[in-house]
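structure.cif (mmCIF, N, CA and C atoms)
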```cif
data_run
#
loop_
_atom_site.label_atom_id
_atom_site.label_comp_id
_atom_site.auth_asym_id
_atom_site.auth_seq_id
_atom_site.Cartn_x
_atom_site.Cartn_y
_atom_site.Cartn_z
N MET I 26 -159.47 64.48 95.20
CA MET I 26 -158.06 64.65 95.41
C MET I 26 -157.36 63.34 95.08
N ASN I 27 -156.27 63.44 94.36
CA ASN I 27 -155.52 62.25 93.98
C ASN I 27 -154.59 61.82 95.11
N ALA I 28 -154.43 60.53 95.24
CA ALA I 28 -153.50 60.00 96.23
C ALA I 28 -152.08 60.24 95.73
N PRO I 29 -151.14 60.53 96.61
CA PRO I 29 -149.76 60.76 96.17
C PRO I 29 -149.17 59.48 95.59
N ALA I 30 -148.35 59.66 94.57
CA ALA I 30 -147.70 58.52 93.94
C ALA I 30 -146.63 57.96 94.89
N ALA I 31 -146.47 56.67 94.86
CA ALA I 31 -145.46 56.04 95.71
C ALA I 31 -144.07 56.43 95.23
N ILE I 32 -143.23 56.77 96.16
CA ILE I 32 -141.85 57.13 95.83
C ILE I 32 -141.04 55.85 95.80
N PRO I 33 -140.36 55.57 94.67
CA PRO I 33 -139.57 54.34 94.60
C PRO I 33 -138.42 54.37 95.61
N VAL I 34 -138.27 53.30 96.33
CA VAL I 34 -137.22 53.17 97.33
C VAL I 34 -136.11 52.31 96.73
N PRO I 35 -134.84 52.73 96.90
CA PRO I 35 -133.76 51.91 96.36
C PRO I 35 -133.75 50.50 96.94
N VAL I 36 -133.48 49.53 96.08
CA VAL I 36 -133.35 48.13 96.48
C VAL I 36 -132.01 47.63 95.94
N ARG I 37 -131.57 46.52 96.46
CA ARG I 37 -130.34 45.92 95.93
C ARG I 37 -130.65 45.30 94.57
N LEU I 38 -129.68 45.37 93.68
CA LEU I 38 -129.88 44.83 92.33
C LEU I 38 -130.34 43.38 92.37
N ALA I 39 -129.82 42.61 93.30
CA ALA I 39 -130.20 41.19 93.41
C ALA I 39 -131.68 41.02 93.75
N HIS I 40 -132.32 42.07 94.32
CA HIS I 40 -133.73 41.99 94.71
C HIS I 40 -134.65 42.77 93.78
N LEU I 41 -134.11 43.36 92.74
CA LEU I 41 -134.93 44.09 91.76
C LEU I 41 -135.84 43.09 91.04
N PRO I 42 -137.11 43.44 90.82
CA PRO I 42 -137.97 42.52 90.06
C PRO I 42 -137.41 42.29 88.65
N ARG I 43 -137.57 41.08 88.17
CA ARG I 43 -137.06 40.75 86.83
C ARG I 43 -137.71 41.62 85.77
N GLN I 44 -136.88 42.00 84.81
CA GLN I 44 -137.29 42.76 83.62
C GLN I 44 -137.95 44.09 83.96
N ARG I 45 -137.55 44.67 85.09
CA ARG I 45 -138.01 46.01 85.45
C ARG I 45 -136.78 46.90 85.55
N PRO I 46 -136.64 47.85 84.64
CA PRO I 46 -135.44 48.68 84.66
C PRO I 46 -135.37 49.56 85.89
N GLY I 47 -134.17 49.96 86.21
CA GLY I 47 -133.95 50.86 87.32
C GLY I 47 -132.67 51.65 87.09
N THR I 48 -132.43 52.60 87.96
CA THR I 48 -131.25 53.44 87.86
C THR I 48 -130.38 53.22 89.09
N VAL I 49 -129.09 53.04 88.89
CA VAL I 49 -128.18 52.85 90.01
C VAL I 49 -128.17 54.11 90.85
N SER I 50 -128.51 53.96 92.13
CA SER I 50 -128.52 55.11 93.03
C SER I 50 -127.25 55.17 93.86
N ALA I 51 -126.63 54.02 94.12
CA ALA I 51 -125.38 53.98 94.89
C ALA I 51 -124.72 52.62 94.73
N VAL I 52 -123.42 52.59 94.92
CA VAL I 52 -122.66 51.34 94.92
C VAL I 52 -121.83 51.33 96.20
N ASP I 53 -121.93 50.24 96.94
CA ASP I 53 -121.15 50.08 98.17
C ASP I 53 -119.77 49.53 97.79
N TRP I 54 -118.89 50.44 97.36
CA TRP I 54 -117.57 50.03 96.86
C TRP I 54 -116.76 49.32 97.94
N ASP I 55 -116.96 49.67 99.20
CA ASP I 55 -116.19 49.06 100.29
C ASP I 55 -116.55 47.60 100.51
N ALA I 56 -117.73 47.18 100.05
CA ALA I 56 -118.16 45.79 100.21
C ALA I 56 -117.56 44.88 99.15
N LEU I 57 -116.89 45.48 98.17
CA LEU I 57 -116.35 44.71 97.05
C LEU I 57 -114.84 44.61 97.14
N ALA I 58 -114.30 43.50 96.64
CA ALA I 58 -112.86 43.37 96.51
C ALA I 58 -112.39 44.33 95.41
N LYS I 59 -111.15 44.74 95.47
CA LYS I 59 -110.64 45.71 94.48
C LYS I 59 -110.81 45.24 93.04
N PRO I 60 -110.54 43.96 92.71
CA PRO I 60 -110.75 43.53 91.32
C PRO I 60 -112.22 43.58 90.90
N GLU I 61 -113.14 43.28 91.85
CA GLU I 61 -114.58 43.35 91.53
C GLU I 61 -115.00 44.79 91.28
N ALA I 62 -114.54 45.70 92.12
CA ALA I 62 -114.88 47.12 91.95
C ALA I 62 -114.31 47.64 90.63
N ARG I 63 -113.08 47.26 90.32
CA ARG I 63 -112.46 47.69 89.07
C ARG I 63 -113.25 47.18 87.87
N ARG I 64 -113.70 45.92 87.94
CA ARG I 64 -114.47 45.34 86.83
C ARG I 64 -115.78 46.10 86.62
N LEU I 65 -116.48 46.42 87.71
CA LEU I 65 -117.72 47.17 87.58
C LEU I 65 -117.48 48.54 86.95
N ARG I 66 -116.41 49.19 87.37
CA ARG I 66 -116.10 50.51 86.80
C ARG I 66 -115.75 50.38 85.32
N GLU I 67 -115.03 49.31 84.95
CA GLU I 67 -114.69 49.09 83.54
C GLU I 67 -115.93 48.84 82.70
N LEU I 68 -116.94 48.22 83.31
CA LEU I 68 -118.20 47.99 82.61
C LEU I 68 -119.05 49.25 82.52
N GLY I 69 -118.63 50.30 83.21
CA GLY I 69 -119.37 51.56 83.17
C GLY I 69 -120.45 51.65 84.22
N LEU I 70 -120.40 50.79 85.22
CA LEU I 70 -121.42 50.82 86.25
C LEU I 70 -121.07 51.85 87.31
N ASP I 71 -121.93 52.83 87.47
CA ASP I 71 -121.78 53.88 88.46
C ASP I 71 -123.14 54.51 88.68
N GLU I 72 -123.23 55.47 89.57
CA GLU I 72 -124.50 56.13 89.83
C GLU I 72 -125.06 56.74 88.55
N GLY I 73 -126.39 56.58 88.38
CA GLY I 73 -127.07 57.16 87.24
C GLY I 73 -127.20 56.24 86.04
N VAL I 74 -126.55 55.09 86.05
CA VAL I 74 -126.60 54.16 84.92
C VAL I 74 -127.86 53.31 85.01
N GLU I 75 -128.49 53.06 83.88
CA GLU I 75 -129.70 52.23 83.86
C GLU I 75 -129.30 50.75 83.84
N VAL I 76 -129.97 49.96 84.69
CA VAL I 76 -129.73 48.52 84.78
C VAL I 76 -131.07 47.79 84.77
N GLU I 77 -131.01 46.51 84.45
CA GLU I 77 -132.22 45.68 84.44
C GLU I 77 -131.82 44.25 84.79
N LEU I 78 -132.51 43.65 85.75
CA LEU I 78 -132.26 42.25 86.11
C LEU I 78 -132.97 41.37 85.10
N LEU I 79 -132.22 40.49 84.45
CA LEU I 79 -132.80 39.63 83.42
C LEU I 79 -133.10 38.22 83.92
N HIS I 80 -132.20 37.67 84.76
CA HIS I 80 -132.37 36.28 85.18
C HIS I 80 -131.62 36.04 86.49
N ARG I 81 -132.23 35.26 87.37
CA ARG I 81 -131.57 34.80 88.60
C ARG I 81 -131.32 33.31 88.49
N SER I 82 -130.13 32.88 88.81
CA SER I 82 -129.84 31.46 88.83
C SER I 82 -130.55 30.85 90.03
N SER I 83 -131.09 29.66 89.85
CA SER I 83 -131.78 29.00 90.96
C SER I 83 -130.88 28.00 91.66
N PHE I 84 -129.58 28.16 91.50
CA PHE I 84 -128.61 27.25 92.10
C PHE I 84 -128.54 27.50 93.60
N PHE I 85 -129.46 26.96 94.36
CA PHE I 85 -129.53 27.07 95.82
C PHE I 85 -129.53 28.53 96.30
N GLY I 86 -130.06 29.43 95.49
CA GLY I 86 -130.19 30.82 95.88
C GLY I 86 -128.89 31.60 95.90
N GLY I 87 -127.79 31.01 95.47
CA GLY I 87 -126.52 31.69 95.54
C GLY I 87 -125.79 31.81 94.22
N GLY I 88 -126.45 31.42 93.15
CA GLY I 88 -125.81 31.47 91.84
C GLY I 88 -125.77 32.89 91.29
N PRO I 89 -125.15 33.03 90.12
CA PRO I 89 -125.03 34.36 89.52
C PRO I 89 -126.36 34.88 89.00
N ILE I 90 -126.38 36.18 88.72
CA ILE I 90 -127.54 36.80 88.09
C ILE I 90 -127.09 37.40 86.77
N ALA I 91 -128.00 37.46 85.83
CA ALA I 91 -127.73 38.12 84.55
C ALA I 91 -128.45 39.46 84.57
N CYS I 92 -127.74 40.51 84.19
CA CYS I 92 -128.36 41.82 84.17
C CYS I 92 -127.88 42.58 82.95
N ARG I 93 -128.63 43.60 82.62
CA ARG I 93 -128.28 44.48 81.51
C ARG I 93 -127.77 45.77 82.12
N ILE I 94 -126.57 46.16 81.73
CA ILE I 94 -125.98 47.43 82.13
C ILE I 94 -125.82 48.24 80.85
N GLY I 95 -126.64 49.27 80.73
CA GLY I 95 -126.65 50.00 79.46
C GLY I 95 -127.14 49.07 78.37
N ARG I 96 -126.26 48.78 77.40
CA ARG I 96 -126.65 47.86 76.32
C ARG I 96 -125.96 46.51 76.42
N MET I 97 -125.18 46.28 77.50
CA MET I 97 -124.46 45.02 77.67
C MET I 97 -125.22 44.09 78.60
N THR I 98 -125.12 42.81 78.33
CA THR I 98 -125.66 41.80 79.24
C THR I 98 -124.46 41.15 79.93
N VAL I 99 -124.48 41.18 81.27
CA VAL I 99 -123.36 40.64 82.05
C VAL I 99 -123.87 39.74 83.15
N ALA I 100 -123.01 38.86 83.61
CA ALA I 100 -123.31 38.00 84.76
C ALA I 100 -122.55 38.54 85.96
N LEU I 101 -123.24 38.64 87.09
CA LEU I 101 -122.64 39.13 88.33
C LEU I 101 -122.87 38.11 89.44
N ARG I 102 -121.89 37.99 90.31
CA ARG I 102 -122.09 37.16 91.50
C ARG I 102 -123.10 37.85 92.40
N ARG I 103 -123.79 37.06 93.22
CA ARG I 103 -124.84 37.61 94.09
C ARG I 103 -124.30 38.67 95.05
N HIS I 104 -123.14 38.45 95.62
CA HIS I 104 -122.63 39.43 96.59
C HIS I 104 -122.24 40.74 95.90
N VAL I 105 -121.86 40.67 94.65
CA VAL I 105 -121.57 41.90 93.88
C VAL I 105 -122.86 42.63 93.60
N ALA I 106 -123.90 41.90 93.16
CA ALA I 106 -125.20 42.53 92.89
C ALA I 106 -125.81 43.11 94.17
N ALA I 107 -125.50 42.52 95.32
CA ALA I 107 -126.04 43.03 96.58
C ALA I 107 -125.39 44.35 96.98
N ALA I 108 -124.24 44.67 96.42
CA ALA I 108 -123.57 45.94 96.72
C ALA I 108 -124.07 47.08 95.85
N ILE I 109 -124.93 46.77 94.89
CA ILE I 109 -125.43 47.78 93.95
C ILE I 109 -126.87 48.13 94.35
N HIS I 110 -127.11 49.39 94.66
CA HIS I 110 -128.43 49.87 95.06
C HIS I 110 -129.09 50.54 93.86
N VAL I 111 -130.33 50.12 93.58
CA VAL I 111 -131.05 50.55 92.38
C VAL I 111 -132.40 51.14 92.76
N THR I 112 -132.75 52.25 92.11
CA THR I 112 -134.09 52.81 92.26
C THR I 112 -134.92 52.31 91.08
N PRO I 113 -135.95 51.49 91.33
CA PRO I 113 -136.75 50.96 90.23
C PRO I 113 -137.46 52.08 89.46
N ALA I 114 -137.63 51.85 88.17
CA ALA I 114 -138.36 52.80 87.34
C ALA I 114 -139.83 52.80 87.75
N ALA I 115 -140.45 53.94 87.66
CA ALA I 115 -141.86 54.07 88.06
C ALA I 115 -142.79 53.46 87.05
#
```
Represent the structure contained in this file as structure tokens.
Amino acid sequence: MNAPAAIPVPVRLAHLPRQRPGTVSAVDWDALAKPEARRLRELGLDEGVEVELLHRSSFFGGGPIACRIGRMTVALRRHVAAAIHVTPAA
């Protein structure tokens, strides 16, 4: 008998392993300022969009992160990335 496959649990985008794609499962819009939320929507970030963490700044653990949203590479502040919940690809 085969062991059941692990079910991926959503994590915050800031904690997604580098270069591992995932799908946005939810965005905590209330945690973001209106201009930040508007910018994410303009970039096309919403539930179901594929994202990938490319790089974390090592600036005292609080610097920006670089991620791929669809085919775009963008930089996000850590608190913005923490509002984005991602289900890692299996």
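Take atom CA of Gly47 of chain I and atom CA of Pro60 of chain I: the distance between them is 24.7 Å.
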Enumerate the residues of chain I with a DSSP assignment of strand (DSSP E or B), computed from the backbone, and present them as an MDAnalysis selection string. chainID I and resid 36:37 47:52 75:81 90:94 97:101 109:113
Based on the selection just made, write N, CA and C atoms of those residues as a PDB file, in the coordinates of the input.
```pdb
ATOM      1  N   VAL I  36    -133.480  49.530  96.080  1.00  0.00           N
ATOM      2  CA  VAL I  36    -133.350  48.130  96.480  1.00  0.00           C
ATOM      3  C   VAL I  36    -132.010  47.630  95.940  1.00  0.00           C
ATOM      4  N   ARG I  37    -131.570  46.520  96.460  1.00  0.00           N
ATOM      5  CA  ARG I  37    -130.340  45.920  95.930  1.00  0.00           C
ATOM      6  C   ARG I  37    -130.650  45.300  94.570  1.00  0.00           C
ATOM      7  N   GLY I  47    -134.170  49.960  86.210  1.00  0.00           N
ATOM      8  CA  GLY I  47    -133.950  50.860  87.320  1.00  0.00           C
ATOM      9  C   GLY I  47    -132.670  51.650  87.090  1.00  0.00           C
ATOM     10  N   THR I  48    -132.430  52.600  87.960  1.00  0.00           N
ATOM     11  CA  THR I  48    -131.250  53.440  87.860  1.00  0.00           C
ATOM     12  C   THR I  48    -130.380  53.220  89.090  1.00  0.00           C
ATOM     13  N   VAL I  49    -129.090  53.040  88.890  1.00  0.00           N
ATOM     14  CA  VAL I  49    -128.180  52.850  90.010  1.00  0.00           C
ATOM     15  C   VAL I  49    -128.170  54.110  90.850  1.00  0.00           C
ATOM     16  N   SER I  50    -128.510  53.960  92.130  1.00  0.00           N
ATOM     17  CA  SER I  50    -128.520  55.110  93.030  1.00  0.00           C
ATOM     18  C   SER I  50    -127.250  55.170  93.860  1.00  0.00           C
ATOM     19  N   ALA I  51    -126.630  54.020  94.120  1.00  0.00           N
ATOM     20  CA  ALA I  51    -125.380  53.980  94.890  1.00  0.00           C
ATOM     21  C   ALA I  51    -124.720  52.620  94.730  1.00  0.00           C
ATOM     22  N   VAL I  52    -123.420  52.590  94.920  1.00  0.00           N
ATOM     23  CA  VAL I  52    -122.660  51.340  94.920  1.00  0.00           C
ATOM     24  C   VAL I  52    -121.830  51.330  96.200  1.00  0.00           C
ATOM     25  N   GLU I  75    -128.490  53.060  83.880  1.00  0.00           N
ATOM     26  CA  GLU I  75    -129.700  52.230  83.860  1.00  0.00           C
ATOM     27  C   GLU I  75    -129.300  50.750  83.840  1.00  0.00           C
ATOM     28  N   VAL I  76    -129.970  49.960  84.690  1.00  0.00           N
ATOM     29  CA  VAL I  76    -129.730  48.520  84.780  1.00  0.00           C
ATOM     30  C   VAL I  76    -131.070  47.790  84.770  1.00  0.00           C
ATOM     31  N   GLU I  77    -131.010  46.510  84.450  1.00  0.00           N
ATOM     32  CA  GLU I  77    -132.220  45.680  84.440  1.00  0.00           C
ATOM     33  C   GLU I  77    -131.820  44.250  84.790  1.00  0.00           C
ATOM     34  N   LEU I  78    -132.510  43.650  85.750  1.00  0.00           N
ATOM     35  CA  LEU I  78    -132.260  42.250  86.110  1.00  0.00           C
ATOM     36  C   LEU I  78    -132.970  41.370  85.100  1.00  0.00           C
ATOM     37  N   LEU I  79    -132.220  40.490  84.450  1.00  0.00           N
ATOM     38  CA  LEU I  79    -132.800  39.630  83.420  1.00  0.00           C
ATOM     39  C   LEU I  79    -133.100  38.220  83.920  1.00  0.00           C
ATOM     40  N   HIS I  80    -132.200  37.670  84.760  1.00  0.00           N
ATOM     41  CA  HIS I  80    -132.370  36.280  85.180  1.00  0.00           C
ATOM     42  C   HIS I  80    -131.620  36.040  86.490  1.00  0.00           C
ATOM     43  N   ARG I  81    -132.230  35.260  87.370  1.00  0.00           N
ATOM     44  CA  ARG I  81    -131.570  34.800  88.600  1.00  0.00           C
ATOM     45  C   ARG I  81    -131.320  33.310  88.490  1.00  0.00           C
ATOM     46  N   ILE I  90    -126.380  36.180  88.720  1.00  0.00           N
ATOM     47  CA  ILE I  90    -127.540  36.800  88.090  1.00  0.00           C
ATOM     48  C   ILE I  90    -127.090  37.400  86.770  1.00  0.00           C
ATOM     49  N   ALA I  91    -128.000  37.460  85.830  1.00  0.00           N
ATOM     50  CA  ALA I  91    -127.730  38.120  84.550  1.00  0.00           C
ATOM     51  C   ALA I  91    -128.450  39.460  84.570  1.00  0.00           C
ATOM     52  N   CYS I  92    -127.740  40.510  84.190  1.00  0.00           N
ATOM     53  CA  CYS I  92    -128.360  41.820  84.170  1.00  0.00           C
ATOM     54  C   CYS I  92    -127.880  42.580  82.950  1.00  0.00           C
ATOM     55  N   ARG I  93    -128.630  43.600  82.620  1.00  0.00           N
ATOM     56  CA  ARG I  93    -128.280  44.480  81.510  1.00  0.00           C
ATOM     57  C   ARG I  93    -127.770  45.770  82.120  1.00  0.00           C
ATOM     58  N   ILE I  94    -126.570  46.160  81.730  1.00  0.00           N
ATOM     59  CA  ILE I  94    -125.980  47.430  82.130  1.00  0.00           C
ATOM     60  C   ILE I  94    -125.820  48.240  80.850  1.00  0.00           C
ATOM     61  N   MET I  97    -125.180  46.280  77.500  1.00  0.00           N
ATOM     62  CA  MET I  97    -124.460  45.020  77.670  1.00  0.00           C
ATOM     63  C   MET I  97    -125.220  44.090  78.600  1.00  0.00           C
ATOM     64  N   THR I  98    -125.120  42.810  78.330  1.00  0.00           N
ATOM     65  CA  THR I  98    -125.660  41.800  79.240  1.00  0.00           C
ATOM     66  C   THR I  98    -124.460  41.150  79.930  1.00  0.00           C
ATOM     67  N   VAL I  99    -124.480  41.180  81.270  1.00  0.00           N
ATOM     68  CA  VAL I  99    -123.360  40.640  82.050  1.00  0.00           C
ATOM     69  C   VAL I  99    -123.870  39.740  83.150  1.00  0.00           C
ATOM     70  N   ALA I 100    -123.010  38.860  83.610  1.00  0.00           N
ATOM     71  CA  ALA I 100    -123.310  38.000  84.760  1.00  0.00           C
ATOM     72  C   ALA I 100    -122.550  38.540  85.960  1.00  0.00           C
ATOM     73  N   LEU I 101    -123.240  38.640  87.090  1.00  0.00           N
ATOM     74  CA  LEU I 101    -122.640  39.130  88.330  1.00  0.00           C
ATOM     75  C   LEU I 101    -122.870  38.110  89.440  1.00  0.00           C
ATOM     76  N   ILE I 109    -124.930  46.770  94.890  1.00  0.00           N
ATOM     77  CA  ILE I 109    -125.430  47.780  93.950  1.00  0.00           C
ATOM     78  C   ILE I 109    -126.870  48.130  94.350  1.00  0.00           C
ATOM     79  N   HIS I 110    -127.110  49.390  94.660  1.00  0.00           N
ATOM     80  CA  HIS I 110    -128.430  49.870  95.060  1.00  0.00           C
ATOM     81  C   HIS I 110    -129.090  50.540  93.860  1.00  0.00           C
ATOM     82  N   VAL I 111    -130.330  50.120  93.580  1.00  0.00           N
ATOM     83  CA  VAL I 111    -131.050  50.550  92.380  1.00  0.00           C
ATOM     84  C   VAL I 111    -132.400  51.140  92.760  1.00  0.00           C
ATOM     85  N   THR I 112    -132.750  52.250  92.110  1.00  0.00           N
ATOM     86  CA  THR I 112    -134.090  52.810  92.260  1.00  0.00           C
ATOM     87  C   THR I 112    -134.920  52.310  91.080  1.00  0.00           C
ATOM     88  N   PRO I 113    -135.950  51.490  91.330  1.00  0.00           N
ATOM     89  CA  PRO I 113    -136.750  50.960  90.230  1.00  0.00           C
ATOM     90  C   PRO I 113    -137.460  52.080  89.460  1.00  0.00           C
TER      91      PRO I 113
END
```
Counting only N, CA and C atoms, which of I:Leu78, I:Leu101, I:Ala108, I:Gly95 gets nearest to Leu41 of chain I?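 Comparing I:Leu78, I:Leu101, I:Ala108, I:Gly95 against Leu41 of chain I, the winner is I:Leu78.
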Check the smallest atom-to-atom distance from each of I:Val76, I:Val111, I:Ala106, I:Leu68 to Gly88 of chain I using only C-alpha atoms, then report the winner.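 Ranked by minimum distance to Gly88 of chain I, first place goes to I:Ala106.
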Enter the distance from atom CA of Arg96 of chain I to atom CA of Glu75 of chain I, in Å, rounded to one decimal.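 So the two atoms, atom CA of Arg96 of chain I and atom CA of Glu75 of chain I, lie 9.2 Å apart.
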Nearest to Asp71 of chain I among I:Val105, I:Thr48, I:Arg93, I:Lys59, with distances taken over all atoms listed in the file: which residue is it?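 Nearest candidate to Asp71 of chain I out of I:Val105, I:Thr48, I:Arg93, I:Lys59: I:Thr48.
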Report the distance between atom CA of Thr112 of chain I and atom CA of Ala39 of chain I in Å, rounded to one decimal place.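 Distance between the two atoms: 12.3 Å.
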Applied to the shown file, which residues does the PyMOL selection byres (((chain I and resi 50 and name CA) around 6) and name CA) return, written as a ChimeraX atom specification? /I:49,51,72,110-111
Which residues come within 8 Å of segment 80-84 of chain I, counting all atoms listed in the file, excluding same-chain residues fewer than 4 positions away, as a PyMOL selection string? chain I and resi 42-44+88-93
On this structure, the PyMOL selection byres (((chain I and resi 57 and name CA) around 12) and name CA) would catch which residues? List them as a PyMOL selection string, sorted by chain and number. chain I and resi 52-56+58-66+102-109
DSSP helix (DSSP H, G or I) selection over segment 55-93 of chain I, as JSON, numbers by chain: {"I": [55, 56, 59, 60, 61, 62, 63, 64, 65, 66, 67]}
Residues just named, written with N, CA and C atoms as a PDB file, keeping the file's coordinate frame:
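Produced file part-v5.pdb, reproduced below:
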```pdb
ATOM      1  N   ASP I  55    -116.960  49.670  99.200  1.00  0.00           N
ATOM      2  CA  ASP I  55    -116.190  49.060 100.290  1.00  0.00           C
ATOM      3  C   ASP I  55    -116.550  47.600 100.510  1.00  0.00           C
ATOM      4  N   ALA I  56    -117.730  47.180 100.050  1.00  0.00           N
ATOM      5  CA  ALA I  56    -118.160  45.790 100.210  1.00  0.00           C
ATOM      6  C   ALA I  56    -117.560  44.880  99.150  1.00  0.00           C
ATOM      7  N   LYS I  59    -111.150  44.740  95.470  1.00  0.00           N
ATOM      8  CA  LYS I  59    -110.640  45.710  94.480  1.00  0.00           C
ATOM      9  C   LYS I  59    -110.810  45.240  93.040  1.00  0.00           C
ATOM     10  N   PRO I  60    -110.540  43.960  92.710  1.00  0.00           N
ATOM     11  CA  PRO I  60    -110.750  43.530  91.320  1.00  0.00           C
ATOM     12  C   PRO I  60    -112.220  43.580  90.900  1.00  0.00           C
ATOM     13  N   GLU I  61    -113.140  43.280  91.850  1.00  0.00           N
ATOM     14  CA  GLU I  61    -114.580  43.350  91.530  1.00  0.00           C
ATOM     15  C   GLU I  61    -115.000  44.790  91.280  1.00  0.00           C
ATOM     16  N   ALA I  62    -114.540  45.700  92.120  1.00  0.00           N
ATOM     17  CA  ALA I  62    -114.880  47.120  91.950  1.00  0.00           C
ATOM     18  C   ALA I  62    -114.310  47.640  90.630  1.00  0.00           C
ATOM     19  N   ARG I  63    -113.080  47.260  90.320  1.00  0.00           N
ATOM     20  CA  ARG I  63    -112.460  47.690  89.070  1.00  0.00           C
ATOM     21  C   ARG I  63    -113.250  47.180  87.870  1.00  0.00           C
ATOM     22  N   ARG I  64    -113.700  45.920  87.940  1.00  0.00           N
ATOM     23  CA  ARG I  64    -114.470  45.340  86.830  1.00  0.00           C
ATOM     24  C   ARG I  64    -115.780  46.100  86.620  1.00  0.00           C
ATOM     25  N   LEU I  65    -116.480  46.420  87.710  1.00  0.00           N
ATOM     26  CA  LEU I  65    -117.720  47.170  87.580  1.00  0.00           C
ATOM     27  C   LEU I  65    -117.480  48.540  86.950  1.00  0.00           C
ATOM     28  N   ARG I  66    -116.410  49.190  87.370  1.00  0.00           N
ATOM     29  CA  ARG I  66    -116.100  50.510  86.800  1.00  0.00           C
ATOM     30  C   ARG I  66    -115.750  50.380  85.320  1.00  0.00           C
ATOM     31  N   GLU I  67    -115.030  49.310  84.950  1.00  0.00           N
ATOM     32  CA  GLU I  67    -114.690  49.090  83.540  1.00  0.00           C
ATOM     33  C   GLU I  67    -115.930  48.840  82.700  1.00  0.00           C
TER      34      GLU I  67
END
```
Since I can't run it myself right now, could you work out what the PyMOL selection byres ((chain I and resi 34) around 6) selects here and report it as a ChimeraX atom specification? /I:32-33,35-36,111-113
Selection to disk with N, CA and C atoms, as a PDB file, keeping the file's coordinate frame:
```pdb
ATOM      1  N   ILE I  32    -143.230  56.770  96.160  1.00  0.00           N
ATOM      2  CA  ILE I  32    -141.850  57.130  95.830  1.00  0.00           C
ATOM      3  C   ILE I  32    -141.040  55.850  95.800  1.00  0.00           C
ATOM      4  N   PRO I  33    -140.360  55.570  94.670  1.00  0.00           N
ATOM      5  CA  PRO I  33    -139.570  54.340  94.600  1.00  0.00           C
ATOM      6  C   PRO I  33    -138.420  54.370  95.610  1.00  0.00           C
ATOM      7  N   PRO I  35    -134.840  52.730  96.900  1.00  0.00           N
ATOM      8  CA  PRO I  35    -133.760  51.910  96.360  1.00  0.00           C
ATOM      9  C   PRO I  35    -133.750  50.500  96.940  1.00  0.00           C
ATOM     10  N   VAL I  36    -133.480  49.530  96.080  1.00  0.00           N
ATOM     11  CA  VAL I  36    -133.350  48.130  96.480  1.00  0.00           C
ATOM     12  C   VAL I  36    -132.010  47.630  95.940  1.00  0.00           C
ATOM     13  N   VAL I 111    -130.330  50.120  93.580  1.00  0.00           N
ATOM     14  CA  VAL I 111    -131.050  50.550  92.380  1.00  0.00           C
ATOM     15  C   VAL I 111    -132.400  51.140  92.760  1.00  0.00           C
ATOM     16  N   THR I 112    -132.750  52.250  92.110  1.00  0.00           N
ATOM     17  CA  THR I 112    -134.090  52.810  92.260  1.00  0.00           C
ATOM     18  C   THR I 112    -134.920  52.310  91.080  1.00  0.00           C
ATOM     19  N   PRO I 113    -135.950  51.490  91.330  1.00  0.00           N
ATOM     20  CA  PRO I 113    -136.750  50.960  90.230  1.00  0.00           C
ATOM     21  C   PRO I 113    -137.460  52.080  89.460  1.00  0.00           C
TER      22      PRO I 113
END
```
